[in-house]
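Next comes data.cif, with mmCIF, C-alpha atoms.
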data_coords
#
loop_
_atom_site.label_atom_id
_atom_site.label_comp_id
_atom_site.auth_asym_id
_atom_site.auth_seq_id
_atom_site.Cartn_x
_atom_site.Cartn_y
_atom_site.Cartn_z
CA MET A 6 -7.35 105.31 10.64
CA THR A 7 -3.95 103.99 9.71
CA ALA A 8 -2.29 104.19 6.32
CA PRO A 9 -3.40 101.40 3.97
CA THR A 10 -1.12 98.78 2.52
CA THR A 11 -3.27 97.74 -0.46
CA LEU A 12 -5.84 99.36 -2.73
CA ALA A 13 -8.54 97.22 -1.12
CA ASP A 14 -7.47 98.54 2.32
CA ALA A 15 -7.65 102.10 1.02
CA GLN A 16 -11.26 101.64 -0.10
CA ARG A 17 -12.50 99.50 2.79
CA ASP A 18 -15.55 101.07 4.36
CA ASP A 19 -15.47 101.85 8.08
CA PRO A 20 -19.08 102.26 9.28
CA ALA A 21 -17.92 103.65 12.64
CA LEU A 22 -16.97 106.90 10.91
CA THR A 23 -19.70 109.39 10.09
CA PRO A 24 -19.65 111.35 6.85
CA ALA A 25 -18.64 114.41 8.92
CA ASP A 26 -15.71 112.43 10.38
CA LEU A 27 -14.58 111.42 6.91
CA ILE A 28 -14.86 114.93 5.51
CA SER A 29 -12.91 116.33 8.48
CA ALA A 30 -10.13 113.76 7.99
CA TYR A 31 -10.09 114.55 4.27
CA GLU A 32 -9.67 118.27 4.93
CA GLN A 33 -7.01 117.69 7.62
CA GLY A 34 -4.85 115.87 5.07
CA VAL A 35 -3.87 119.19 3.49
CA GLU A 36 -2.28 120.41 6.72
CA GLU A 37 -0.60 117.04 7.26
CA LEU A 38 0.99 117.30 3.82
CA ARG A 39 2.11 120.90 4.35
CA LEU A 40 3.68 119.98 7.70
CA ALA A 41 5.41 116.96 6.17
CA VAL A 42 7.33 119.13 3.71
CA ALA A 43 7.75 122.27 5.84
CA GLY A 44 11.27 123.70 5.90
CA MET A 45 12.65 121.59 3.07
CA THR A 46 14.86 123.34 0.54
CA VAL A 47 14.37 122.93 -3.20
CA GLU A 48 17.43 120.67 -3.27
CA GLN A 49 16.04 118.50 -0.48
CA LEU A 50 12.64 118.32 -2.16
CA ARG A 51 14.22 117.16 -5.41
CA SER A 52 16.72 114.75 -3.87
CA ARG A 53 16.19 111.01 -3.96
CA PRO A 54 17.83 109.92 -0.71
CA VAL A 55 16.18 106.51 -0.77
CA ALA A 56 17.31 104.36 -3.70
CA GLY A 57 14.56 103.45 -6.12
CA ARG A 58 12.06 105.92 -4.64
CA TRP A 59 10.64 109.20 -5.86
CA SER A 60 11.78 112.53 -4.52
CA THR A 61 9.57 114.35 -2.04
CA LEU A 62 8.54 116.75 -4.79
CA GLU A 63 7.53 113.84 -7.01
CA VAL A 64 5.44 112.42 -4.16
CA VAL A 65 3.66 115.73 -3.67
CA CYS A 66 3.00 116.05 -7.42
CA HIS A 67 1.65 112.50 -7.50
CA VAL A 68 -0.68 113.30 -4.61
CA ALA A 69 -1.84 116.51 -6.32
CA ASP A 70 -2.62 114.71 -9.57
CA CYS A 71 -4.42 111.91 -7.74
CA GLU A 72 -6.52 114.44 -5.83
CA GLN A 73 -7.99 115.54 -9.12
CA PHE A 74 -8.87 111.93 -10.00
CA PHE A 75 -10.44 111.34 -6.59
CA ALA A 76 -12.51 114.54 -6.70
CA ASP A 77 -13.82 113.73 -10.17
CA ARG A 78 -14.71 110.17 -9.14
CA MET A 79 -16.61 111.31 -6.07
CA LYS A 80 -18.50 114.00 -7.98
CA ARG A 81 -19.46 111.61 -10.76
CA THR A 82 -20.61 109.05 -8.21
CA VAL A 83 -22.89 111.66 -6.63
CA ALA A 84 -24.21 113.01 -9.94
CA MET A 85 -24.53 109.93 -12.15
CA GLU A 86 -26.10 106.50 -11.96
CA ARG A 87 -23.33 103.98 -11.34
CA PRO A 88 -20.65 105.71 -13.47
CA LEU A 89 -17.60 103.92 -14.78
CA LEU A 90 -14.48 105.18 -13.03
CA LEU A 91 -11.32 104.51 -14.98
CA GLY A 92 -8.16 103.59 -13.14
CA ALA A 93 -5.21 105.92 -13.56
CA ASP A 94 -1.66 104.65 -13.47
CA GLY A 95 -0.17 107.58 -11.58
CA PHE A 96 3.19 105.85 -11.40
CA ARG A 97 3.75 106.62 -15.09
CA TYR A 98 3.42 110.40 -14.60
CA PRO A 99 6.62 111.65 -12.91
CA GLU A 100 9.01 111.58 -15.87
CA PRO A 101 6.67 112.57 -18.75
CA LEU A 102 5.08 115.34 -16.68
CA ARG A 103 8.49 116.42 -15.33
CA TYR A 104 7.45 116.46 -11.69
CA GLN A 105 10.99 117.44 -10.66
CA ASP A 106 10.45 120.81 -12.38
CA HIS A 107 7.12 121.58 -10.68
CA ASP A 108 6.59 124.21 -7.99
CA LEU A 109 5.92 122.79 -4.50
CA ASP A 110 3.66 125.64 -3.38
CA GLU A 111 1.54 125.37 -6.51
CA GLU A 112 1.13 121.61 -5.98
CA LEU A 113 0.21 122.09 -2.31
CA ASP A 114 -2.28 124.80 -3.27
CA LEU A 115 -3.85 122.47 -5.82
CA VAL A 116 -4.35 119.80 -3.15
CA ALA A 117 -5.82 122.41 -0.79
CA VAL A 118 -8.23 123.91 -3.32
CA THR A 119 -9.33 120.53 -4.62
CA ARG A 120 -9.99 119.16 -1.14
CA ARG A 121 -11.73 122.34 0.04
CA GLN A 122 -14.06 122.44 -2.96
CA THR A 123 -14.78 118.71 -2.84
CA ALA A 124 -15.41 118.80 0.93
CA ARG A 125 -17.93 121.59 0.40
CA THR A 126 -19.70 119.47 -2.20
CA LEU A 127 -19.67 116.39 0.03
CA ARG A 128 -21.20 118.32 2.95
CA LEU A 129 -24.17 119.10 0.71
CA VAL A 130 -24.99 115.56 -0.41
CA ALA A 131 -28.08 113.81 0.89
CA PRO A 132 -27.48 111.16 3.57
CA ASP A 133 -28.38 108.34 1.19
CA ALA A 134 -25.78 109.54 -1.33
CA TRP A 135 -23.01 107.96 0.75
CA GLN A 136 -24.13 104.54 -0.43
CA ARG A 137 -24.28 105.53 -4.10
CA THR A 138 -22.10 103.25 -6.19
CA ALA A 139 -19.78 103.45 -9.14
CA VAL A 140 -17.85 100.80 -11.00
CA HIS A 141 -14.09 101.24 -10.84
CA SER A 142 -12.28 99.64 -13.78
CA GLU A 143 -9.73 98.00 -11.46
CA THR A 144 -11.53 97.37 -8.16
CA GLY A 145 -15.15 96.92 -9.20
CA LEU A 146 -18.13 98.26 -7.30
CA VAL A 147 -17.31 101.10 -4.86
CA THR A 148 -19.42 103.44 -2.77
CA LEU A 149 -18.98 107.17 -2.32
CA ARG A 150 -17.83 106.44 1.25
CA GLN A 151 -15.16 104.08 -0.04
CA LEU A 152 -13.96 106.63 -2.58
CA LEU A 153 -13.57 109.23 0.15
CA LEU A 154 -11.76 106.75 2.39
CA HIS A 155 -9.44 105.95 -0.51
CA ALA A 156 -8.57 109.64 -0.98
CA ILE A 157 -7.87 110.05 2.75
CA ASN A 158 -5.78 106.90 2.96
CA HIS A 159 -3.88 107.51 -0.26
CA LEU A 160 -2.41 110.72 1.12
CA ARG A 161 -1.61 109.06 4.46
CA HIS A 162 0.13 106.26 2.61
CA HIS A 163 2.40 108.74 0.82
CA LEU A 164 3.10 110.77 3.96
CA ARG A 165 5.06 107.77 5.23
CA PHE A 166 7.37 108.05 2.22
CA VAL A 167 7.89 111.78 2.78
CA ALA A 168 8.85 111.04 6.40
CA GLU A 169 11.24 108.35 5.18
CA LYS A 170 12.95 110.86 2.88
CA ARG A 171 13.16 113.53 5.61
CA ALA A 172 14.84 111.03 7.90
CA ALA A 173 17.26 109.97 5.17
CA ILE A 174 18.44 113.54 4.64
CA THR A 175 18.35 114.30 8.38
CA ILE A 176 15.90 117.17 8.46
CA PRO A 177 14.42 117.77 11.92
#

Full structure transcribed into structure tokens:
Amino acid sequence: MTAPTTLADAQRDDPALTPADLISAYEQGVEELRLAVAGMTVEQLRSRPVAGRWSTLEVVCHVADCEQFFADRMKRTVAMERPLLLGADGFRYPEPLRYQDHDLDEELDLVAVTRRQTARTLRLVAPDAWQRTAVHSETGLVTLRQLLLHAINHLRHHLRFVAEKRAAITIP
């Protein structure tokens, strides 16, 4: 799977992937994120080497907050009949929530714990649960599979920006 370019790409179902494949990719994202930021100093994490873009720390905080949205959406889709999933404008969060003052390790741990707990839940769902639907306030009808794909692809999308920042500040 490659990183998506649009929200529709992020939620597009890929029937070639089994639920086990999706859950494995979801869990692997934690290590990919940890590796992406490994060895960066606090100053490097907070720097904005690419004009008009968030810092690496802000990206990680955004990912951590979105993980909580994704986990809740998937759980509600499993547990409820066609729940309404409200969109969240995560791009409004960095300044009011003071992402630049957050702790990287705490944010990474939040992603890890959220994904580990959600993956455990997803392994327990019945096979037919993967086609359960919810109504997203911005994208319309989505399946549990699509929600999981979105979570996987959202992190991959943001890993590209972390790599861009690393390159801009010349970290090996």

Spatial neighbours of stretch 82-94 of chain A, max dist 8 Å, all atoms listed in the file, sep filter under 3 positions, as a ChimeraX atom specification: /A:74,78-79,97-98,130,134,137-143,148-149

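With the shown file loaded, the PyMOL selection byres ((chain A and resi 126) around 12) picks out Ile28, Ala76, Asp77, Met79, Lys80, Arg81, Val83, Ala84, Thr119, Arg120, Arg121, Gln122, Thr123, Ala124, Arg125, Leu127, Arg128, Leu129, Val130, Ala131 and Ala134 of chain A.
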
Evaluated on this file, the PyMOL selection byres ((chain A and resi 47-60) around 8) picks out some residues - which ones are they, written as number ranges by chain? A: 42, 45-46, 61-64, 105, 169-170, 173-174

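For the structure shown here, the set of residues caught by the PyMOL selection byres ((chain A and resi 117) around 10) is Glu32, Gln33, Gly34, Val35, Glu36, Leu38, Arg39, Ala69, Glu72, Glu111, Glu112, Leu113, Asp114, Leu115, Val116, Val118, Thr119, Arg120, Arg121, Gln122 and Thr123 of chain A.
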
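A straight line drawn from atom CA of A:Asp19 to atom CA of A:Phe166 is 24.4 Å long.
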
Give me, please, the distance in Å between atom CA of A:Thr175 and atom CA of A:Phe96, quoted to one decimal.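 Value for the atom CA of A:Thr175-atom CA of A:Phe96 distance: 26.3 Å.
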
Given the choices A:Cys66, A:Ala172, A:Leu154, A:Val167, which gets closest to A:Tyr31 if the distance is worked out from all atoms listed in the file? A:Leu154

Pick out the residues sitting within 8 Å of A:Leu160, and hand them over as a PyMOL selection string; count only C-alpha atoms, and ignore anything fewer than 2 positions along from it in its own chain. chain A and resi 34+38+68+156-158+162-164

One decimal place gives the atom CA of A:Glu100-atom CA of A:Cys71 separation as 15.7 Å

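If only C-alpha atoms are the atoms counted, then among A:Leu152, A:His159, A:Asp70, A:Ala168 the closest residue to A:Pro24 is A:Leu152.
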
Contacts of A:Thr23 at 12 Å (all atoms listed in the file; same-chain gap of 5+ positions) as number ranges by chain: A: 18, 28-30, 128, 132, 135, 150, 153-154

Return as lines of an AutoDock Vina configuration file the box centre and box size in Å, one decimal, for an axis-aligned box around all listed atoms of stretch 75-91 of chain A padded by 3 Å per side.
center_x = -18.3
center_y = 109.2
center_z = -10.5
size_x = 21.7
size_y = 16.6
size_z = 14.9

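Proximity to A:Arg161 was assessed for A:Gly44, A:Ala25, A:Arg103, A:Val65 counting all atoms listed in the file; the smallest distance is recorded for A:Val65.
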